[in-house]
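Data block for my_file-v4.pdb (PDB, N, CA and C atoms):
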```
ATOM      1  N   MET A   1      61.816 -75.763 192.189
ATOM      2  CA  MET A   1      61.240 -76.877 191.444
ATOM      3  C   MET A   1      62.200 -78.063 191.504
ATOM      4  N   ASN A   2      61.675 -79.229 191.718
ATOM      5  CA  ASN A   2      62.481 -80.446 191.759
ATOM      6  C   ASN A   2      62.563 -81.057 190.362
ATOM      7  N   TRP A   3      63.702 -81.687 190.068
ATOM      8  CA  TRP A   3      63.959 -82.264 188.757
ATOM      9  C   TRP A   3      64.430 -83.708 188.892
ATOM     10  N   VAL A   4      64.122 -84.504 187.874
ATOM     11  CA  VAL A   4      64.622 -85.871 187.769
ATOM     12  C   VAL A   4      65.145 -86.082 186.355
ATOM     13  N   LEU A   5      66.027 -87.047 186.198
ATOM     14  CA  LEU A   5      66.430 -87.471 184.865
ATOM     15  C   LEU A   5      65.574 -88.664 184.489
ATOM     16  N   GLY A   6      64.978 -88.605 183.317
ATOM     17  CA  GLY A   6      64.230 -89.729 182.785
ATOM     18  C   GLY A   6      65.068 -90.406 181.714
ATOM     19  N   ILE A   7      65.199 -91.715 181.800
ATOM     20  CA  ILE A   7      65.996 -92.487 180.850
ATOM     21  C   ILE A   7      65.126 -93.604 180.295
ATOM     22  N   ASP A   8      65.037 -93.665 178.963
ATOM     23  CA  ASP A   8      64.269 -94.716 178.296
ATOM     24  C   ASP A   8      65.236 -95.548 177.473
ATOM     25  N   ILE A   9      65.371 -96.819 177.829
ATOM     26  CA  ILE A   9      66.223 -97.741 177.088
ATOM     27  C   ILE A   9      65.306 -98.547 176.180
ATOM     28  N   GLY A  10      65.114 -98.055 174.983
ATOM     29  CA  GLY A  10      64.209 -98.708 174.049
ATOM     30  C   GLY A  10      64.955 -99.529 173.018
ATOM     31  N   GLY A  11      64.278-100.442 172.411
ATOM     32  CA  GLY A  11      64.880-101.259 171.373
ATOM     33  C   GLY A  11      65.192-100.478 170.115
ATOM     34  N   THR A  12      64.508 -99.350 169.907
ATOM     35  CA  THR A  12      64.728 -98.512 168.730
ATOM     36  C   THR A  12      65.556 -97.281 169.056
ATOM     37  N   ASN A  13      65.236 -96.613 170.167
ATOM     38  CA  ASN A  13      65.930 -95.383 170.545
ATOM     39  C   ASN A  13      66.249 -95.358 172.031
ATOM     40  N   LEU A  14      67.312 -94.636 172.355
ATOM     41  CA  LEU A  14      67.641 -94.263 173.725
ATOM     42  C   LEU A  14      67.194 -92.820 173.885
ATOM     43  N   VAL A  15      66.506 -92.504 174.977
ATOM     44  CA  VAL A  15      66.029 -91.141 175.207
ATOM     45  C   VAL A  15      66.354 -90.762 176.646
ATOM     46  N   VAL A  16      66.916 -89.560 176.812
ATOM     47  CA  VAL A  16      67.247 -89.044 178.138
ATOM     48  C   VAL A  16      66.831 -87.586 178.194
ATOM     49  N   GLY A  17      66.227 -87.183 179.304
ATOM     50  CA  GLY A  17      65.874 -85.783 179.491
ATOM     51  C   GLY A  17      65.724 -85.449 180.956
ATOM     52  N   ALA A  18      65.881 -84.175 181.261
ATOM     53  CA  ALA A  18      65.610 -83.674 182.606
ATOM     54  C   ALA A  18      64.151 -83.247 182.634
ATOM     55  N   VAL A  19      63.413 -83.719 183.628
ATOM     56  CA  VAL A  19      61.973 -83.485 183.699
ATOM     57  C   VAL A  19      61.630 -82.886 185.062
ATOM     58  N   ALA A  20      60.830 -81.815 185.041
ATOM     59  CA  ALA A  20      60.332 -81.268 186.303
ATOM     60  C   ALA A  20      59.469 -82.331 186.964
ATOM     61  N   ILE A  21      59.610 -82.491 188.261
ATOM     62  CA  ILE A  21      58.923 -83.568 188.977
ATOM     63  C   ILE A  21      57.407 -83.492 188.810
ATOM     64  N   ASP A  22      56.879 -82.286 188.572
ATOM     65  CA  ASP A  22      55.437 -82.146 188.370
ATOM     66  C   ASP A  22      55.041 -82.334 186.911
ATOM     67  N   GLY A  23      56.026 -82.645 186.036
ATOM     68  CA  GLY A  23      55.755 -82.897 184.629
ATOM     69  C   GLY A  23      55.530 -81.662 183.787
ATOM     70  N   SER A  24      55.742 -80.490 184.357
ATOM     71  CA  SER A  24      55.424 -79.249 183.653
ATOM     72  C   SER A  24      56.470 -78.833 182.627
ATOM     73  N   ARG A  25      57.667 -79.407 182.689
ATOM     74  CA  ARG A  25      58.720 -78.945 181.791
ATOM     75  C   ARG A  25      59.740 -80.057 181.565
ATOM     76  N   VAL A  26      60.244 -80.110 180.327
ATOM     77  CA  VAL A  26      61.320 -81.034 179.965
ATOM     78  C   VAL A  26      62.466 -80.201 179.416
ATOM     79  N   VAL A  27      63.671 -80.472 179.878
ATOM     80  CA  VAL A  27      64.867 -79.768 179.422
ATOM     81  C   VAL A  27      65.890 -80.816 179.005
ATOM     82  N   GLY A  28      66.595 -80.541 177.923
ATOM     83  CA  GLY A  28      67.669 -81.443 177.530
ATOM     84  C   GLY A  28      67.193 -82.798 177.084
ATOM     85  N   ASN A  29      66.162 -82.825 176.269
ATOM     86  CA  ASN A  29      65.637 -84.088 175.759
ATOM     87  C   ASN A  29      66.521 -84.555 174.602
ATOM     88  N   HIS A  30      67.237 -85.654 174.811
ATOM     89  CA  HIS A  30      68.176 -86.156 173.815
ATOM     90  C   HIS A  30      67.789 -87.573 173.421
ATOM     91  N   SER A  31      67.893 -87.853 172.121
ATOM     92  CA  SER A  31      67.532 -89.167 171.603
ATOM     93  C   SER A  31      68.578 -89.607 170.590
ATOM     94  N   ARG A  32      68.837 -90.898 170.573
ATOM     95  CA  ARG A  32      69.706 -91.462 169.541
ATOM     96  C   ARG A  32      69.282 -92.902 169.310
ATOM     97  N   PRO A  33      69.544 -93.417 168.121
ATOM     98  CA  PRO A  33      69.171 -94.801 167.848
ATOM     99  C   PRO A  33      69.904 -95.765 168.782
ATOM    100  N   THR A  34      69.204 -96.812 169.164
ATOM    101  CA  THR A  34      69.810 -97.875 169.963
ATOM    102  C   THR A  34      70.483 -98.839 169.002
ATOM    103  N   ASP A  35      71.782 -98.950 169.085
ATOM    104  CA  ASP A  35      72.503 -99.932 168.279
ATOM    105  C   ASP A  35      72.893-101.073 169.210
ATOM    106  N   ALA A  36      71.926-101.944 169.474
ATOM    107  CA  ALA A  36      72.114-103.022 170.448
ATOM    108  C   ALA A  36      73.239-103.968 170.057
ATOM    109  N   SER A  37      73.598-104.004 168.771
ATOM    110  CA  SER A  37      74.670-104.901 168.337
ATOM    111  C   SER A  37      76.017-104.507 168.941
ATOM    112  N   ARG A  38      76.135-103.275 169.452
ATOM    113  CA  ARG A  38      77.377-102.813 170.086
ATOM    114  C   ARG A  38      77.532-103.371 171.495
ATOM    115  N   GLY A  39      76.467-103.947 172.054
ATOM    116  CA  GLY A  39      76.530-104.571 173.370
ATOM    117  C   GLY A  39      76.140-103.637 174.497
ATOM    118  N   PRO A  40      75.889-104.213 175.672
ATOM    119  CA  PRO A  40      75.387-103.424 176.798
ATOM    120  C   PRO A  40      76.365-102.368 177.306
ATOM    121  N   ASP A  41      77.667-102.641 177.293
ATOM    122  CA  ASP A  41      78.622-101.649 177.799
ATOM    123  C   ASP A  41      78.589-100.371 176.966
ATOM    124  N   ALA A  42      78.499-100.512 175.652
ATOM    125  CA  ALA A  42      78.438 -99.339 174.777
ATOM    126  C   ALA A  42      77.143 -98.564 174.989
ATOM    127  N   ILE A  43      76.048 -99.272 175.213
ATOM    128  CA  ILE A  43      74.766 -98.602 175.460
ATOM    129  C   ILE A  43      74.828 -97.833 176.776
ATOM    130  N   VAL A  44      75.415 -98.430 177.802
ATOM    131  CA  VAL A  44      75.564 -97.727 179.086
ATOM    132  C   VAL A  44      76.429 -96.485 178.900
ATOM    133  N   ASP A  45      77.517 -96.598 178.144
ATOM    134  CA  ASP A  45      78.360 -95.425 177.874
ATOM    135  C   ASP A  45      77.558 -94.325 177.193
ATOM    136  N   ASP A  46      76.731 -94.698 176.212
ATOM    137  CA  ASP A  46      75.873 -93.718 175.528
ATOM    138  C   ASP A  46      74.938 -93.033 176.526
ATOM    139  N   LEU A  47      74.311 -93.826 177.386
ATOM    140  CA  LEU A  47      73.349 -93.274 178.347
ATOM    141  C   LEU A  47      74.019 -92.345 179.351
ATOM    142  N   VAL A  48      75.207 -92.695 179.803
ATOM    143  CA  VAL A  48      75.936 -91.831 180.739
ATOM    144  C   VAL A  48      76.256 -90.497 180.071
ATOM    145  N   ALA A  49      76.725 -90.534 178.828
ATOM    146  CA  ALA A  49      77.030 -89.294 178.108
ATOM    147  C   ALA A  49      75.772 -88.460 177.894
ATOM    148  N   MET A  50      74.673 -89.109 177.532
ATOM    149  CA  MET A  50      73.422 -88.390 177.302
ATOM    150  C   MET A  50      72.894 -87.781 178.598
ATOM    151  N   ALA A  51      72.985 -88.518 179.699
ATOM    152  CA  ALA A  51      72.518 -88.006 180.991
ATOM    153  C   ALA A  51      73.361 -86.817 181.435
ATOM    154  N   SER A  52      74.653 -86.897 181.222
ATOM    155  CA  SER A  52      75.541 -85.791 181.578
ATOM    156  C   SER A  52      75.199 -84.549 180.760
ATOM    157  N   HIS A  53      74.948 -84.753 179.482
ATOM    158  CA  HIS A  53      74.583 -83.641 178.602
ATOM    159  C   HIS A  53      73.251 -83.020 179.040
ATOM    160  N   ALA A  54      72.279 -83.853 179.379
ATOM    161  CA  ALA A  54      70.975 -83.340 179.829
ATOM    162  C   ALA A  54      71.122 -82.565 181.133
ATOM    163  N   ARG A  55      71.927 -83.091 182.042
ATOM    164  CA  ARG A  55      72.167 -82.399 183.318
ATOM    165  C   ARG A  55      72.851 -81.052 183.088
ATOM    166  N   ASP A  56      73.830 -81.014 182.185
ATOM    167  CA  ASP A  56      74.521 -79.761 181.877
ATOM    168  C   ASP A  56      73.569 -78.748 181.243
ATOM    169  N   GLN A  57      72.710 -79.221 180.348
ATOM    170  CA  GLN A  57      71.740 -78.324 179.721
ATOM    171  C   GLN A  57      70.757 -77.786 180.758
ATOM    172  N   LEU A  58      70.334 -78.629 181.687
ATOM    173  CA  LEU A  58      69.452 -78.180 182.763
ATOM    174  C   LEU A  58      70.127 -77.073 183.567
ATOM    175  N   ALA A  59      71.399 -77.245 183.896
ATOM    176  CA  ALA A  59      72.126 -76.241 184.676
ATOM    177  C   ALA A  59      72.202 -74.910 183.928
ATOM    178  N   ARG A  60      72.346 -74.961 182.603
ATOM    179  CA  ARG A  60      72.391 -73.726 181.806
ATOM    180  C   ARG A  60      71.032 -73.044 181.732
ATOM    181  N   GLU A  61      69.986 -73.837 181.533
ATOM    182  CA  GLU A  61      68.657 -73.263 181.310
ATOM    183  C   GLU A  61      67.910 -72.929 182.596
ATOM    184  N   VAL A  62      68.223 -73.627 183.675
ATOM    185  CA  VAL A  62      67.538 -73.402 184.951
ATOM    186  C   VAL A  62      68.615 -73.280 186.040
ATOM    187  N   PRO A  63      69.222 -72.099 186.158
ATOM    188  CA  PRO A  63      70.289 -71.927 187.142
ATOM    189  C   PRO A  63      69.837 -72.352 188.544
ATOM    190  N   GLY A  64      70.696 -73.096 189.203
ATOM    191  CA  GLY A  64      70.402 -73.560 190.555
ATOM    192  C   GLY A  64      69.612 -74.856 190.621
ATOM    193  N   ALA A  65      69.137 -75.348 189.479
ATOM    194  CA  ALA A  65      68.364 -76.598 189.473
ATOM    195  C   ALA A  65      69.262 -77.769 189.856
ATOM    196  N   GLU A  66      68.706 -78.696 190.602
ATOM    197  CA  GLU A  66      69.423 -79.907 190.982
ATOM    198  C   GLU A  66      68.593 -81.125 190.609
ATOM    199  N   VAL A  67      69.275 -82.179 190.221
ATOM    200  CA  VAL A  67      68.605 -83.440 189.906
ATOM    201  C   VAL A  67      68.436 -84.217 191.204
ATOM    202  N   ASP A  68      67.178 -84.534 191.526
ATOM    203  CA  ASP A  68      66.854 -85.226 192.776
ATOM    204  C   ASP A  68      66.759 -86.737 192.631
ATOM    205  N   GLY A  69      66.698 -87.230 191.396
ATOM    206  CA  GLY A  69      66.565 -88.665 191.204
ATOM    207  C   GLY A  69      66.637 -89.028 189.739
ATOM    208  N   VAL A  70      66.620 -90.317 189.479
ATOM    209  CA  VAL A  70      66.688 -90.850 188.120
ATOM    210  C   VAL A  70      65.632 -91.940 187.987
ATOM    211  N   GLY A  71      64.873 -91.886 186.899
ATOM    212  CA  GLY A  71      63.924 -92.946 186.585
ATOM    213  C   GLY A  71      64.346 -93.611 185.289
ATOM    214  N   ILE A  72      64.311 -94.932 185.256
ATOM    215  CA  ILE A  72      64.750 -95.674 184.078
ATOM    216  C   ILE A  72      63.646 -96.615 183.632
ATOM    217  N   GLY A  73      63.328 -96.544 182.354
ATOM    218  CA  GLY A  73      62.400 -97.486 181.745
ATOM    219  C   GLY A  73      63.178 -98.376 180.792
ATOM    220  N   ALA A  74      62.968 -99.679 180.895
ATOM    221  CA  ALA A  74      63.689-100.623 180.047
ATOM    222  C   ALA A  74      62.828-101.851 179.810
ATOM    223  N   PRO A  75      63.040-102.524 178.669
ATOM    224  CA  PRO A  75      62.281-103.739 178.408
ATOM    225  C   PRO A  75      62.780-104.874 179.295
ATOM    226  N   GLY A  76      61.884-105.617 179.856
ATOM    227  CA  GLY A  76      62.263-106.770 180.663
ATOM    228  C   GLY A  76      62.224-106.479 182.144
ATOM    229  N   PRO A  77      62.124-107.526 182.950
ATOM    230  CA  PRO A  77      62.042-107.372 184.404
ATOM    231  C   PRO A  77      63.413-107.100 185.024
ATOM    232  N   LEU A  78      63.399-106.372 186.146
ATOM    233  CA  LEU A  78      64.611-106.076 186.899
ATOM    234  C   LEU A  78      64.802-107.121 187.992
ATOM    235  N   ASP A  79      65.988-107.714 188.034
ATOM    236  CA  ASP A  79      66.346-108.604 189.139
ATOM    237  C   ASP A  79      66.829-107.709 190.273
ATOM    238  N   THR A  80      66.031-107.567 191.314
ATOM    239  CA  THR A  80      66.345-106.631 192.392
ATOM    240  C   THR A  80      67.553-107.061 193.220
ATOM    241  N   LYS A  81      67.925-108.319 193.150
ATOM    242  CA  LYS A  81      69.101-108.785 193.895
ATOM    243  C   LYS A  81      70.400-108.422 193.186
ATOM    244  N   THR A  82      70.395-108.495 191.856
ATOM    245  CA  THR A  82      71.620-108.230 191.096
ATOM    246  C   THR A  82      71.633-106.841 190.464
ATOM    247  N   GLY A  83      70.454-106.220 190.325
ATOM    248  CA  GLY A  83      70.374-104.929 189.649
ATOM    249  C   GLY A  83      70.439-105.048 188.141
ATOM    250  N   ILE A  84      70.254-106.250 187.630
ATOM    251  CA  ILE A  84      70.344-106.506 186.192
ATOM    252  C   ILE A  84      68.948-106.636 185.602
ATOM    253  N   ILE A  85      68.757-105.996 184.448
ATOM    254  CA  ILE A  85      67.503-106.139 183.719
ATOM    255  C   ILE A  85      67.610-107.427 182.913
ATOM    256  N   ALA A  86      66.715-108.353 183.168
ATOM    257  CA  ALA A  86      66.776-109.671 182.544
ATOM    258  C   ALA A  86      65.834-109.759 181.349
ATOM    259  N   LEU A  87      66.155-110.654 180.442
ATOM    260  CA  LEU A  87      65.263-110.964 179.316
ATOM    261  C   LEU A  87      64.863-109.712 178.542
ATOM    262  N   THR A  88      65.824-109.054 177.934
ATOM    263  CA  THR A  88      65.546-107.839 177.165
ATOM    264  C   THR A  88      65.299-108.205 175.698
ATOM    265  N   PRO A  89      64.064-108.552 175.356
ATOM    266  CA  PRO A  89      63.781-109.052 174.013
ATOM    267  C   PRO A  89      64.060-108.036 172.908
ATOM    268  N   ASN A  90      63.875-106.758 173.171
ATOM    269  CA  ASN A  90      64.098-105.743 172.139
ATOM    270  C   ASN A  90      65.576-105.456 171.908
ATOM    271  N   LEU A  91      66.424-105.870 172.839
ATOM    272  CA  LEU A  91      67.847-105.583 172.723
ATOM    273  C   LEU A  91      68.666-106.811 172.340
ATOM    274  N   GLY A  92      68.151-107.989 172.639
ATOM    275  CA  GLY A  92      68.830-109.208 172.227
ATOM    276  C   GLY A  92      69.994-109.637 173.106
ATOM    277  N   TRP A  93      70.085-109.104 174.323
ATOM    278  CA  TRP A  93      71.120-109.593 175.233
ATOM    279  C   TRP A  93      70.517-110.043 176.519
TER     280      TRP A  93
END
```
Structure rendered as structure tokens:
Amino acid sequence: MNWVLGIDIGGTNLVVGAVAIDGSRVVGNHSRPTDASRGPDAIVDDLVAMASHARDQLAREVPGAEVDGVGIGAPGPLDTKTGIIALTPNLGW
């Protein structure tokens, strides 16, 4: 079974989980409040820690599973030249 990490950067919560590519199973679903006042670097640090935790939980629960990709949902359009999400109204940066 193929797996991906799903990351949701929401104005209220950050959510990360390992998801079977066919949508049949979610492992390591982690959520925490988004404290946008801490700034983008702190939010990225939170997401990296959450993704690592989800990946580790996937390895424990599904031996041999590998993450084949990452999907990210975030408010605002992505500038494909810079890789920066612009105009994030829910986050204020």
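Put simply, atom C of Leu87 in chain A is 20.9 Å away from CA of Arg32 in chain A.
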Practice problem: Take the PyMOL selection byres (((chain A and resi 76 and name CA) around 12) and name CA), apply it to the structure above, and return the hits as a list of chain:residue names. | Solution: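 Those residues are A:Ile9, A:Gly10, A:Gly11, A:Ile72, A:Gly73, A:Ala74, A:Pro75, A:Pro77, A:Leu78, A:Asp79, A:Ile84, A:Ile85, A:Ala86, A:Leu87, A:Thr88, A:Pro89, A:Asn90, A:Leu91, A:Gly92, A:Trp93.
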Quiz item: Looking at A:Gly17, A:Ser24, A:Pro33, A:Gly69, which one is nearest to His53 in chain A, with distances taken over all atoms listed in the file?
Solution: A:Gly17
Quiz prompt | For atom N of Val15 in chain A and atom C of Asp56 in chain A, the interatomic separation in Å (one decimal) | solution =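 It comes out at 16.7 Å.
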Quiz item: Tell me, which residues of chain A carry DSSP strand (DSSP E), written as a VMD selection string?
Solution: chain A and resid 3 to 9 13 to 20 26 to 33 67 to 73 78 to 79 84 to 85
Exercise. Pick out the closest residue to Leu58 in chain A from this set: A:Leu14, A:Ile43, A:Ile7, A:Val26. Count only C-alpha atoms.
Key: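 For Leu58 in chain A, the nearest of the given residues is A:Val26.
Applied to the file shown here, the PyMOL selection byres (((chain A and resi 67 and name CA) around 9) and name CA) selects Asn2, Trp3, Val4, Leu5, Ala18, Arg55, Leu58, Ala65, Glu66, Asp68, Gly69 and Val70 of chain A.
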Quiz prompt | Computed interatomic separation between atom N of Thr12 in chain A and atom N of Ser37 in chain A (Å) | solution =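 Answer for the atom N of Thr12 in chain A to atom N of Ser37 in chain A separation: 10.3 Å.
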Quiz prompt | Which of range 25-79 of chain A fall in helix (DSSP H, G or I), as a PyMOL selection string | solution = chain A and resi 36-38+40-61
Quiz prompt | Which residue of A:Gly23, A:Lys81, A:Val16, A:Thr34 approaches Ser52 in chain A most closely, using only C-alpha atoms | solution = A:Val16
Quiz prompt | Using only C-alpha atoms: which of A:Ser31, A:Thr80, A:Arg25, A:Asn13 has the shortest distance to Ala49 in chain A | solution =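 Between A:Ser31, A:Thr80, A:Arg25, A:Asn13, the residue approaching Ala49 in chain A most closely is A:Ser31.
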Quiz item: Smallest atom-to-atom distance to Ala59 in chain A: which of A:Ala36, A:Val27, A:Met1, A:Asp22, using only C-alpha atoms?
Solution: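 Among the listed residues, the smallest separation from Ala59 in chain A belongs to A:Val27.
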Box in all listed atoms of range 54-66 of chain A, axis-aligned, with 5 Å more on each side; write out centre and edge lengths in Å to one decimal as JSON.
```
{"center_x": 71.0, "center_y": -77.9, "center_z": 185.2, "size_x": 17.0, "size_y": 21.9, "size_z": 21.6}
```
